Amino acid sequence: MLETLDNGKPIRESRDIDIPLVAAHFFYYAGWADKLQYAIPGAKSVPKPLGVVGQIIPWNFPLLMAAWKIAPALACGNTVVLKPAETTSLTCLLLAEIIQEAGLPEGVVNIVTGAGETGAAIVNHPDINKVAFTGSTEVGKIIARSVANTDKKLTLELGGKSAHIIYEDAAIDQAVEGVINGIFFNQGHVCCAGSRLLLEESVADTVVEKLKARMEKLRVGNPLDKNTDVGAINSAAEHVKIKKLIETGKTEGGEFFEPASVNLPTKGYFHKPCFFNRVSSAFTLSRVEVFGPVLAISTFRTTQEAISKANDTQYGLAAGIWSEKGSKIHKTAAALKAGVIWANTYNKFDPTSPFGGFNESGYGREGGRHGLFPYLDI
Amino acid sequence: MSGVNTLKERTENLKIAKTIKLFIGGEFPRTESGRSVPVYLHKTKKLYANVCVASRKDLRNAVTAAQAAQKGWQSKSAYNRSQIIYRMAEMMEAKREEFTESLTATLGLTPVQANKSVDAAIEALVYYAGFADKYQQVLGAVNPVSGPHHNFTSTEAVGVVGLIANEKFDLAAFVAQLAAIIVSGNAVVALLSENGSALLAPLAETLATSDLSKGVVNLLSGSTEELYKQFGLHMELQSLSVQLSDSKKLTELKVLAADNMKRVVWPTEQPVSLEHLMGFVEFKTVWHPIGY
C-alpha cells in the first residue's frame with residue numbers, strides 16, 4: 001500500500017510481485033551467511049566481507065531494490081549505508097523499523113534520505129569500501145569516474161534498451177502478452193523493459209494488430225485499484241521527459257499509436273501506453289532509454305538480422321526471444337549481448353537468478369550465488 | 001662439438017641486429033608510422049635489436065583484427081581452445097632458448113632467472129589450457145527459481161580486451177594474463193612495455209605456430225607513455241587489464257574506461273587462478289518456461 005502510494009505503481013504489482021520478492025530475497029541471502037566458503041569453488045578460506053558498503057537505489061522498485069542491495073551485503077558480513085531515491089523513500093524507512101524489530105545490531109544498516117548530493121557524499125566518503133548503484137548510465141559513469149582513484153569496489157546496474165524478438169514460429173498470442181508485460185509492466189519504469197520490439201516480417205502485421213487490440217483493453221488509472229494494469233508515472237519530471245521523447249519520436253518518423261479507448265484520469269501524472277511502428281535503428285526511440293510506456297517496433301527478415309539489430313545498442317541488460325523452436329532459441333540467446341535473456345517469457349525475477357548487464361548496462365550481478373561476488377573480498 | 005656454436009657464441013658473433021615487427025591479425029607488419037627504436041644489450045650501448053614504435057593507428061588496426069577474430073575464437077569448442085592453449089605451451093618450450101636469450105640479453109636476467117620465468121609462463125599456459133572446458137561448470141549455475149521455469153547462468157567472453165604490460169615487464173605474469181584472457185573466448189590487444197619489447201619476437205612466433213586463430217592475440221611494442229590513454233579511449237575495447245604499477249596511470253585509465261563502461265582489471269596476488277579468469281567473463285542468465 002505504502003509502495004503504491006509513494007511510487008504510483010499498481011497495487012496488484014506491489015502486492016503480488018514487489019513485496020513477495022523482497023521477502024524472498026532476504027530469506028534467500030540469509031541462508032548464505034554461514035555458507036560463504038561455497039560461494040566460489042576452491043576458495044582456500046572463507047571469503048571476507050569488504051567493510052562498509054554504500055548503496056544508492058532508484059525510484060522504480062523502491063523496496064525491491066533495497067532488498068537486492070541490503071540482503072547480499074549483510075549475508076557477506078558487510079555493513080550498509082543505503083540511500084533511497086528522493087521521490088520514493090517511504091518504504092525504506094518502514095523497512096528500517098522492521099530491521100530494528102528484527103534485532104539487527106545498531107549501525108549495521110543505515111538509511112540516509114536525500115538527492116544526488118547525498119549520493120555523492122556516500123560515493124566519495126573515504127571510509128566506504130564498496131559502492132553499489134542502480135540507476136541511469138549517465139550517473140553510473142560519473143560514479144565510476146569518481147571512485148577511479150580509490151580501491152573501492154564498484155557494481156553498477158544501469159540503463160537498458162532491451163530487444164524483444166518475435167520469430168514467425170512463435171506462439172503469437174503468448175508473445176503479445178509477453179510484449180505487453182515487457183514494456184508496460186510498472187509503467188515502463190523498468191531498466192530491463194523490452195522497449196525495442198523486433199518482429200519477423202511475415203508476422204509483423206499480425207502482431208501489431210493483436211498488440212493494438214490488447215492495448216485498447218489496458219486499464220490505466222488509480223494505482224490503488226486492484227484492477228489497474230498501468231499506474232501513475234512516478235513524478236512530474238519523469239512525465240515531462242517521456243512526453244518530450246515522444247515528441248522527438250513523432251518528428252523523426254514511424255507510425256505512432258496510442259489506444260483510443262484508454263481514458264486517463266484527469267488528475268495526476270498518467271500516460272497512455274503507446275508505440276512507434278516502423279522505426280529505424282537510428283531513431284532516438286531505438287537508442288535512448290525512455291523509462292516509460294513507449295515501445296519502438298521494427299522488423300527483420302533473417303535470424304542474423306534480428307541478432308545484429310538486437311545487439312545494435314550500447315546497452316546489454318536484457319532481451320526477449322519468442323519461438324517454439326528450441327535450437328533457434330539457444331542460438332539466439334547465445335548470440336545476444338545481454339545479461340538476462342527471457343525466452344518465451346519476459347520480466348521474470350527471482351532471488352536465485354543473477355541479474356545484471358553487459359557493456360554500458362553496467363557490471364556485477366545481483367541475485368543468486370553470483371550476487372555474492374561483489375560483496376566479498378575475492 | 002666442432003662446427004656447432006653455443007648460444008653465447010652465437011649471440012656474441014651476431015652481426016645483424018634483429019628488426020622486430022608487430023604482430024597484428026596473425027601477420028608481422030611494421031608499424032604504419034615507420035618508427036623504430038633500438039633495444040640494447042642490458043646495461044650497455046650495444047645494439048640487440050630494433051623494435052617498432054606502434055602508433056595509435058596500429059592500435060586501431062589491432063583492435064579491428066581482434067574484433068574480427070573474437071567471435072570465431074569464442075565459438076570454437078572449449079576442448080579445441082584448450083588444445084590450442086596447450087599447444088602454445090609446447091611451442092614456448094620449443095622456443096625456450098629464444099625466450100631465455102632475450103630475457104638475459106635485454107632484461108638482464110640470469111640464465112636461472114630467465115629459465116624460471118619461462119617455466120612459470122609455460123605452467124600458466126598449461127594451467128589455463130586445462131581450464132578452457134571446465135571454468136564454465138565451476139562458474140555457471142542452474143538456478144532454482146520459484147515457479148515453472150528452467151533458469152541457468154552461463155559464462156561468456158566480454159569481447160576484446162586491452163592488456164597493458166608492466167613497465168619492468170614480467171614475462172610469466174604477462175603470459176599468464178594473456179592466457180586468462182583468451183581462455184574464455186576473448187581476443188586481446190597487448191602492449192608490451194619498452195622493457196619487454198624484444199620479447200615480442202619469440203612471443204609472436206610462439207602464437208603464430210600454435211594453431212591460434214589469426215587476430216586472437218595481437219602484440220604491439222612501443223611507448224607505454226604514448227599509447228596507454230588510447231587503450232582507455234578506444235570504444236571497441238570491452239575490458240582493460242592493466243599491469244602497470246603506476247597508480248596514476250591506472251586511475252586515468254579507470255576514468256577513461258567509464259566512457260563505454262569498460263571493465264578494468266588490475267593485478268591480483270594470484271595471476272594463475274580461477275578468480276583471475278573471472279575478470280574476463282560475463283554472466284548470462286537465460287529463462288525458459290517449463291510446460292507442455
# chains A, B, ... in the order shown; residues from 1 in each chain; ligands from 1
$ select_by_dssp --residues "stretch 175-214 of chain B" --states "helix (DSSP H, G or I)" --output "ChimeraX atom specification"
/B:175-182,194-208
$ interface_residues --of "chain B" --to "chain A" --cutoff "10 Å" --atoms "only C-alpha atoms" --output "PyMOL selection string"
chain B and resi 71+75+138-147+149+151-156+158-159+238-239+247-263+268+273-276+282-289
$ atom_distance --atom1 "atom CA of A:Val190" --atom2 "atom CA of A:Val108"
29.3 Å
$ residues_around --residues "B:Lys95" --least-positions-apart "6" --cutoff "9 Å" --atoms "only C-alpha atoms" --output "list in words"
Pro202, Glu205 and Thr206 of chain B
$ write_last_selection --atoms "N, CA and C atoms" --output "compact mmCIF listing (two decimals), in the first residue's frame"
# COMPACT_ATOMS: atom_id res chain seq x y z
N PRO B 202 59.87 -13.67 -29.86
CA PRO B 202 59.56 -15.08 -29.55
C PRO B 202 58.09 -15.30 -29.19
N GLU B 205 56.13 -15.44 -32.45
CA GLU B 205 56.43 -16.69 -33.18
C GLU B 205 55.76 -17.88 -32.50
N THR B 206 55.71 -17.86 -31.18
CA THR B 206 55.01 -18.92 -30.45
C THR B 206 53.53 -18.93 -30.83
$ select_by_dssp --residues "stretch 53-273 of chain B" --states "strand (DSSP E)" --output "tab-separated table (two decimals) with N, CA, C and O atoms, in the first residue's frame"
chain	number	residue	atom	x	y	z
B	141	ALA	N	25.69	-21.85	-13.35
B	141	ALA	CA	24.76	-22.35	-12.34
B	141	ALA	C	23.41	-22.67	-12.98
B	141	ALA	O	23.03	-22.06	-13.98
B	142	VAL	N	22.73	-23.62	-12.41
B	142	VAL	CA	21.31	-23.79	-12.70
B	142	VAL	C	20.61	-23.26	-11.46
B	142	VAL	O	20.92	-23.67	-10.34
B	149	HIS	N	9.95	-22.53	-14.35
B	149	HIS	CA	10.93	-22.05	-15.32
B	149	HIS	C	12.25	-22.79	-15.18
B	149	HIS	O	12.67	-23.10	-14.06
B	150	HIS	N	12.85	-23.05	-16.32
B	150	HIS	CA	14.24	-23.50	-16.30
B	150	HIS	C	15.09	-22.25	-16.37
B	150	HIS	O	14.86	-21.38	-17.21
B	151	ASN	N	16.06	-22.12	-15.47
B	151	ASN	CA	16.84	-20.89	-15.39
B	151	ASN	C	18.29	-21.27	-15.16
B	151	ASN	O	18.62	-21.98	-14.21
B	152	PHE	N	19.15	-20.82	-16.06
B	152	PHE	CA	20.57	-21.15	-15.91
B	152	PHE	C	21.44	-19.95	-16.22
B	152	PHE	O	21.09	-19.08	-17.00
B	153	THR	N	22.60	-19.93	-15.56
B	153	THR	CA	23.57	-18.86	-15.76
B	153	THR	C	24.82	-19.46	-16.38
B	153	THR	O	25.37	-20.42	-15.86
B	154	SER	N	25.22	-18.90	-17.52
B	154	SER	CA	26.42	-19.39	-18.16
B	154	SER	C	27.41	-18.25	-18.33
B	154	SER	O	27.06	-17.08	-18.19
B	155	THR	N	28.64	-18.60	-18.63
B	155	THR	CA	29.69	-17.59	-18.78
B	155	THR	C	29.87	-17.26	-20.25
B	155	THR	O	29.62	-18.09	-21.12
B	156	GLU	N	30.31	-16.07	-20.50
B	156	GLU	CA	30.53	-15.64	-21.87
B	156	GLU	C	31.73	-14.69	-21.91
B	156	GLU	O	32.01	-13.99	-20.94
B	157	ALA	N	32.40	-14.68	-23.06
B	157	ALA	CA	33.53	-13.75	-23.21
B	157	ALA	C	33.02	-12.31	-23.13
B	157	ALA	O	31.89	-12.02	-23.54
B	160	VAL	N	36.68	-7.90	-26.71
B	160	VAL	CA	38.08	-7.59	-26.98
B	160	VAL	C	38.67	-6.89	-25.75
B	160	VAL	O	38.12	-5.91	-25.25
B	161	VAL	N	39.77	-7.41	-25.28
B	161	VAL	CA	40.40	-6.91	-24.05
B	161	VAL	C	41.72	-6.23	-24.40
B	161	VAL	O	42.50	-6.74	-25.22
B	162	GLY	N	41.97	-5.08	-23.80
B	162	GLY	CA	43.27	-4.42	-23.94
B	162	GLY	C	44.15	-4.79	-22.77
B	162	GLY	O	43.70	-4.75	-21.62
B	163	LEU	N	45.36	-5.21	-23.04
B	163	LEU	CA	46.29	-5.60	-21.97
B	163	LEU	C	47.51	-4.70	-22.04
B	163	LEU	O	48.16	-4.58	-23.08
B	164	ILE	N	47.82	-4.04	-20.93
B	164	ILE	CA	48.99	-3.16	-20.88
B	164	ILE	C	49.98	-3.77	-19.89
B	164	ILE	O	49.70	-3.89	-18.70
B	187	ALA	N	39.36	-11.93	-27.34
B	187	ALA	CA	40.55	-11.60	-28.13
B	187	ALA	C	41.27	-10.49	-27.38
B	187	ALA	O	40.69	-9.81	-26.54
B	188	VAL	N	42.55	-10.30	-27.68
B	188	VAL	CA	43.33	-9.35	-26.90
B	188	VAL	C	44.26	-8.52	-27.78
B	188	VAL	O	44.77	-8.99	-28.79
B	189	VAL	N	44.39	-7.26	-27.39
B	189	VAL	CA	45.40	-6.38	-27.98
B	189	VAL	C	46.32	-6.00	-26.84
B	189	VAL	O	45.89	-5.38	-25.86
B	190	ALA	N	47.59	-6.43	-26.93
B	190	ALA	CA	48.50	-6.24	-25.80
B	190	ALA	C	49.63	-5.30	-26.17
B	190	ALA	O	50.18	-5.37	-27.27
B	191	LEU	N	49.95	-4.43	-25.24
B	191	LEU	CA	51.08	-3.53	-25.41
B	191	LEU	C	52.20	-3.97	-24.47
B	191	LEU	O	52.03	-3.96	-23.25
B	192	LEU	N	53.32	-4.37	-25.07
B	192	LEU	CA	54.48	-4.72	-24.25
B	192	LEU	C	55.15	-3.41	-23.84
B	192	LEU	O	55.19	-2.46	-24.63
B	217	VAL	N	45.25	-12.95	-30.60
B	217	VAL	CA	46.22	-12.19	-29.81
B	217	VAL	C	47.00	-11.28	-30.75
B	217	VAL	O	47.51	-11.71	-31.78
B	218	ASN	N	47.04	-10.01	-30.41
B	218	ASN	CA	47.78	-9.02	-31.19
B	218	ASN	C	48.76	-8.34	-30.26
B	218	ASN	O	48.40	-7.94	-29.15
B	219	LEU	N	50.01	-8.24	-30.71
B	219	LEU	CA	51.06	-7.70	-29.84
B	219	LEU	C	51.64	-6.42	-30.44
B	219	LEU	O	51.99	-6.38	-31.61
B	220	LEU	N	51.73	-5.42	-29.58
B	220	LEU	CA	52.32	-4.15	-30.01
B	220	LEU	C	53.51	-3.83	-29.12
B	220	LEU	O	53.46	-4.03	-27.91
B	221	SER	N	54.56	-3.32	-29.76
B	221	SER	CA	55.65	-2.74	-28.96
B	221	SER	C	55.57	-1.24	-29.18
B	221	SER	O	55.04	-0.78	-30.18
B	239	SER	N	37.13	-4.35	-22.26
B	239	SER	CA	37.75	-4.56	-20.95
B	239	SER	C	39.21	-4.19	-21.03
B	239	SER	O	39.82	-4.24	-22.11
B	240	LEU	N	39.77	-3.80	-19.90
B	240	LEU	CA	41.20	-3.48	-19.84
B	240	LEU	C	41.84	-4.27	-18.71
B	240	LEU	O	41.28	-4.36	-17.62
B	241	SER	N	43.00	-4.81	-19.00
B	241	SER	CA	43.79	-5.42	-17.95
B	241	SER	C	45.06	-4.59	-17.83
B	241	SER	O	45.84	-4.49	-18.77
B	242	VAL	N	45.23	-3.97	-16.69
B	242	VAL	CA	46.32	-3.01	-16.52
B	242	VAL	C	47.34	-3.58	-15.55
B	242	VAL	O	47.06	-3.71	-14.36
B	263	ARG	N	35.23	-2.83	-18.42
B	263	ARG	CA	35.62	-3.44	-17.17
B	263	ARG	C	37.13	-3.26	-17.03
B	263	ARG	O	37.86	-3.50	-17.99
B	264	VAL	N	37.61	-2.83	-15.88
B	264	VAL	CA	39.05	-2.65	-15.69
B	264	VAL	C	39.52	-3.62	-14.62
B	264	VAL	O	38.95	-3.70	-13.53
B	265	VAL	N	40.55	-4.37	-14.97
B	265	VAL	CA	41.11	-5.34	-14.04
B	265	VAL	C	42.56	-4.97	-13.83
B	265	VAL	O	43.25	-4.61	-14.78
$ residues_around --residues "A:Pro126" --least-positions-apart "2" --cutoff "10 Å" --atoms "only C-alpha atoms" --output "JSON, numbers by chain"
{"A": [121, 122, 123, 124, 128, 129, 147, 150, 152]}
$ atom_distance --atom1 "atom CA of B:Asp133" --atom2 "atom CA of B:Tyr79"
5.8 Å
$ residues_around --residues "stretch 77-91 of chain A" --least-positions-apart "2" --cutoff "7 Å" --atoms "only C-alpha atoms" --output "NGL selection string"
:A and (2-3 or 6-7 or 49-59 or 62-63 or 70 or 73-75 or 93-95 or 108-115 or 119)
$ residues_around --residues "stretch 120-124 of chain B" --least-positions-apart "5" --cutoff "10 Å" --atoms "only C-alpha atoms" --output "list in words"
Ile85, Tyr86, Met88, Ala89, Glu90, Met91, Met92, Glu93, Arg96, Ala114, Asn115, Ala129, Gly130, Asp170, Leu171, Ala172, Ala173, Phe174, Val175, Ala176, Gln177, Leu178, Ala179, Ala180, Pro271, Val272 and Ser273 of chain B
$ write_last_selection --atoms "C-alpha atoms" --output "PDB file, in the first residue's frame"
ATOM      1  CA  ILE B  85      46.480 -23.003 -25.493  1.00  0.00           C
ATOM      2  CA  TYR B  86      48.249 -26.223 -24.570  1.00  0.00           C
ATOM      3  CA  MET B  88      51.128 -22.568 -27.045  1.00  0.00           C
ATOM      4  CA  ALA B  89      52.821 -24.068 -24.003  1.00  0.00           C
ATOM      5  CA  GLU B  90      54.503 -26.685 -26.182  1.00  0.00           C
ATOM      6  CA  MET B  91      55.700 -24.096 -28.668  1.00  0.00           C
ATOM      7  CA  MET B  92      57.010 -21.910 -25.887  1.00  0.00           C
ATOM      8  CA  GLU B  93      59.004 -24.839 -24.615  1.00  0.00           C
ATOM      9  CA  ARG B  96      62.798 -21.669 -24.715  1.00  0.00           C
ATOM     10  CA  ALA B 114      65.233 -16.493 -17.265  1.00  0.00           C
ATOM     11  CA  ASN B 115      64.518 -20.210 -17.264  1.00  0.00           C
ATOM     12  CA  ALA B 129      44.577 -24.710 -21.149  1.00  0.00           C
ATOM     13  CA  GLY B 130      43.129 -27.149 -18.649  1.00  0.00           C
ATOM     14  CA  ASP B 170      57.443  -9.832 -16.253  1.00  0.00           C
ATOM     15  CA  LEU B 171      57.141 -12.497 -18.938  1.00  0.00           C
ATOM     16  CA  ALA B 172      55.367 -15.028 -16.733  1.00  0.00           C
ATOM     17  CA  ALA B 173      52.810 -12.520 -15.447  1.00  0.00           C
ATOM     18  CA  PHE B 174      52.222 -11.254 -18.975  1.00  0.00           C
ATOM     19  CA  VAL B 175      51.701 -14.705 -20.472  1.00  0.00           C
ATOM     20  CA  ALA B 176      49.513 -15.786 -17.544  1.00  0.00           C
ATOM     21  CA  GLN B 177      47.350 -12.735 -18.082  1.00  0.00           C
ATOM     22  CA  LEU B 178      47.178 -13.371 -21.809  1.00  0.00           C
ATOM     23  CA  ALA B 179      46.043 -16.938 -21.200  1.00  0.00           C
ATOM     24  CA  ALA B 180      43.478 -15.875 -18.572  1.00  0.00           C
ATOM     25  CA  PRO B 271      47.856 -14.375 -11.577  1.00  0.00           C
ATOM     26  CA  VAL B 272      47.109 -18.056 -12.045  1.00  0.00           C
ATOM     27  CA  SER B 273      43.730 -18.741 -10.528  1.00  0.00           C
TER      28      SER B 273
END
$ atom_distance --atom1 "atom CA of B:Val281" --atom2 "atom CA of B:Val183"
9.9 Å
$ residues_around --residues "A:Ile165" --least-positions-apart "4" --cutoff "9 Å" --atoms "only C-alpha atoms" --output "ChimeraX atom specification"
/A:196-200,306-307,310,319-323
$ closest_residue --among "B:Leu109, B:Glu194, B:Gly185, B:Lys46" --to "B:Val216" --atoms "only C-alpha atoms"
B:Gly185
$ closest_residue --among "B:Met235, B:Ala132, B:Ile20, B:Ala49" --to "B:Leu203" --atoms "only C-alpha atoms"
B:Ile20
$ decode --residues "stretch 261-284 of chain B" --atoms "N, CA, C and O atoms" --output "PDB file, in the first residue's frame"
ATOM      1  N   MET B 261      32.043   2.128 -20.259  1.00  0.00           N
ATOM      2  CA  MET B 261      31.875   1.137 -19.194  1.00  0.00           C
ATOM      3  C   MET B 261      32.747  -0.099 -19.407  1.00  0.00           C
ATOM      4  O   MET B 261      32.291  -1.235 -19.243  1.00  0.00           O
ATOM      5  N   LYS B 262      34.013   0.165 -19.799  1.00  0.00           N
ATOM      6  CA  LYS B 262      34.946  -0.957 -19.879  1.00  0.00           C
ATOM      7  C   LYS B 262      35.133  -1.526 -18.479  1.00  0.00           C
ATOM      8  O   LYS B 262      35.204  -0.781 -17.509  1.00  0.00           O
ATOM      9  N   ARG B 263      35.235  -2.832 -18.422  1.00  0.00           N
ATOM     10  CA  ARG B 263      35.623  -3.445 -17.168  1.00  0.00           C
ATOM     11  C   ARG B 263      37.130  -3.256 -17.029  1.00  0.00           C
ATOM     12  O   ARG B 263      37.859  -3.503 -17.992  1.00  0.00           O
ATOM     13  N   VAL B 264      37.614  -2.829 -15.876  1.00  0.00           N
ATOM     14  CA  VAL B 264      39.051  -2.652 -15.689  1.00  0.00           C
ATOM     15  C   VAL B 264      39.524  -3.624 -14.616  1.00  0.00           C
ATOM     16  O   VAL B 264      38.951  -3.698 -13.534  1.00  0.00           O
ATOM     17  N   VAL B 265      40.551  -4.371 -14.974  1.00  0.00           N
ATOM     18  CA  VAL B 265      41.112  -5.339 -14.041  1.00  0.00           C
ATOM     19  C   VAL B 265      42.565  -4.975 -13.830  1.00  0.00           C
ATOM     20  O   VAL B 265      43.253  -4.614 -14.779  1.00  0.00           O
ATOM     21  N   TRP B 266      43.034  -5.016 -12.597  1.00  0.00           N
ATOM     22  CA  TRP B 266      44.452  -4.789 -12.360  1.00  0.00           C
ATOM     23  C   TRP B 266      44.996  -5.909 -11.493  1.00  0.00           C
ATOM     24  O   TRP B 266      44.224  -6.676 -10.930  1.00  0.00           O
ATOM     25  N   PRO B 267      46.324  -6.031 -11.412  1.00  0.00           N
ATOM     26  CA  PRO B 267      46.905  -7.266 -10.869  1.00  0.00           C
ATOM     27  C   PRO B 267      46.359  -7.675  -9.514  1.00  0.00           C
ATOM     28  O   PRO B 267      46.109  -6.838  -8.658  1.00  0.00           O
ATOM     29  N   THR B 268      46.182  -8.971  -9.375  1.00  0.00           N
ATOM     30  CA  THR B 268      45.829  -9.525  -8.085  1.00  0.00           C
ATOM     31  C   THR B 268      47.019 -10.349  -7.631  1.00  0.00           C
ATOM     32  O   THR B 268      47.991 -10.497  -8.363  1.00  0.00           O
ATOM     33  N   GLU B 269      46.907 -10.878  -6.443  1.00  0.00           N
ATOM     34  CA  GLU B 269      48.061 -11.608  -5.913  1.00  0.00           C
ATOM     35  C   GLU B 269      48.313 -12.910  -6.662  1.00  0.00           C
ATOM     36  O   GLU B 269      49.441 -13.363  -6.745  1.00  0.00           O
ATOM     37  N   GLN B 270      47.259 -13.509  -7.195  1.00  0.00           N
ATOM     38  CA  GLN B 270      47.425 -14.805  -7.847  1.00  0.00           C
ATOM     39  C   GLN B 270      47.140 -14.684  -9.334  1.00  0.00           C
ATOM     40  O   GLN B 270      45.989 -14.751  -9.731  1.00  0.00           O
ATOM     41  N   PRO B 271      48.155 -14.500 -10.155  1.00  0.00           N
ATOM     42  CA  PRO B 271      47.856 -14.375 -11.577  1.00  0.00           C
ATOM     43  C   PRO B 271      47.347 -15.673 -12.196  1.00  0.00           C
ATOM     44  O   PRO B 271      46.792 -15.666 -13.268  1.00  0.00           O
ATOM     45  N   VAL B 272      47.567 -16.784 -11.501  1.00  0.00           N
ATOM     46  CA  VAL B 272      47.109 -18.056 -12.045  1.00  0.00           C
ATOM     47  C   VAL B 272      46.045 -18.620 -11.111  1.00  0.00           C
ATOM     48  O   VAL B 272      46.342 -19.302 -10.141  1.00  0.00           O
ATOM     49  N   SER B 273      44.815 -18.275 -11.386  1.00  0.00           N
ATOM     50  CA  SER B 273      43.730 -18.741 -10.528  1.00  0.00           C
ATOM     51  C   SER B 273      42.398 -18.530 -11.233  1.00  0.00           C
ATOM     52  O   SER B 273      42.295 -17.757 -12.183  1.00  0.00           O
ATOM     53  N   LEU B 274      41.397 -19.211 -10.725  1.00  0.00           N
ATOM     54  CA  LEU B 274      40.050 -19.067 -11.266  1.00  0.00           C
ATOM     55  C   LEU B 274      39.561 -17.625 -11.112  1.00  0.00           C
ATOM     56  O   LEU B 274      38.934 -17.061 -12.009  1.00  0.00           O
ATOM     57  N   GLU B 275      39.876 -17.019  -9.958  1.00  0.00           N
ATOM     58  CA  GLU B 275      39.436 -15.658  -9.696  1.00  0.00           C
ATOM     59  C   GLU B 275      39.940 -14.715 -10.787  1.00  0.00           C
ATOM     60  O   GLU B 275      39.279 -13.755 -11.158  1.00  0.00           O
ATOM     61  N   HIS B 276      41.136 -15.020 -11.277  1.00  0.00           N
ATOM     62  CA  HIS B 276      41.732 -14.163 -12.284  1.00  0.00           C
ATOM     63  C   HIS B 276      40.993 -14.255 -13.613  1.00  0.00           C
ATOM     64  O   HIS B 276      40.779 -13.267 -14.298  1.00  0.00           O
ATOM     65  N   LEU B 277      40.611 -15.467 -13.933  1.00  0.00           N
ATOM     66  CA  LEU B 277      39.849 -15.704 -15.164  1.00  0.00           C
ATOM     67  C   LEU B 277      38.489 -14.998 -15.109  1.00  0.00           C
ATOM     68  O   LEU B 277      37.967 -14.526 -16.117  1.00  0.00           O
ATOM     69  N   MET B 278      37.942 -14.904 -13.900  1.00  0.00           N
ATOM     70  CA  MET B 278      36.612 -14.305 -13.720  1.00  0.00           C
ATOM     71  C   MET B 278      36.552 -12.846 -14.162  1.00  0.00           C
ATOM     72  O   MET B 278      35.471 -12.336 -14.455  1.00  0.00           O
ATOM     73  N   GLY B 279      37.692 -12.200 -14.183  1.00  0.00           N
ATOM     74  CA  GLY B 279      37.702 -10.805 -14.609  1.00  0.00           C
ATOM     75  C   GLY B 279      37.354 -10.625 -16.071  1.00  0.00           C
ATOM     76  O   GLY B 279      37.076  -9.503 -16.510  1.00  0.00           O
ATOM     77  N   PHE B 280      37.355 -11.682 -16.840  1.00  0.00           N
ATOM     78  CA  PHE B 280      37.158 -11.562 -18.282  1.00  0.00           C
ATOM     79  C   PHE B 280      35.967 -12.359 -18.793  1.00  0.00           C
ATOM     80  O   PHE B 280      35.892 -12.710 -19.968  1.00  0.00           O
ATOM     81  N   VAL B 281      35.053 -12.675 -17.895  1.00  0.00           N
ATOM     82  CA  VAL B 281      33.814 -13.310 -18.342  1.00  0.00           C
ATOM     83  C   VAL B 281      32.607 -12.480 -17.897  1.00  0.00           C
ATOM     84  O   VAL B 281      32.655 -11.774 -16.893  1.00  0.00           O
ATOM     85  N   GLU B 282      31.563 -12.577 -18.681  1.00  0.00           N
ATOM     86  CA  GLU B 282      30.268 -12.016 -18.319  1.00  0.00           C
ATOM     87  C   GLU B 282      29.367 -13.195 -17.950  1.00  0.00           C
ATOM     88  O   GLU B 282      29.560 -14.308 -18.450  1.00  0.00           O
ATOM     89  N   PHE B 283      28.386 -12.920 -17.110  1.00  0.00           N
ATOM     90  CA  PHE B 283      27.417 -13.957 -16.772  1.00  0.00           C
ATOM     91  C   PHE B 283      26.099 -13.667 -17.480  1.00  0.00           C
ATOM     92  O   PHE B 283      25.581 -12.555 -17.415  1.00  0.00           O
ATOM     93  N   LYS B 284      25.622 -14.661 -18.165  1.00  0.00           N
ATOM     94  CA  LYS B 284      24.352 -14.523 -18.872  1.00  0.00           C
ATOM     95  C   LYS B 284      23.350 -15.505 -18.282  1.00  0.00           C
ATOM     96  O   LYS B 284      23.643 -16.694 -18.141  1.00  0.00           O
TER      97      LYS B 284
END
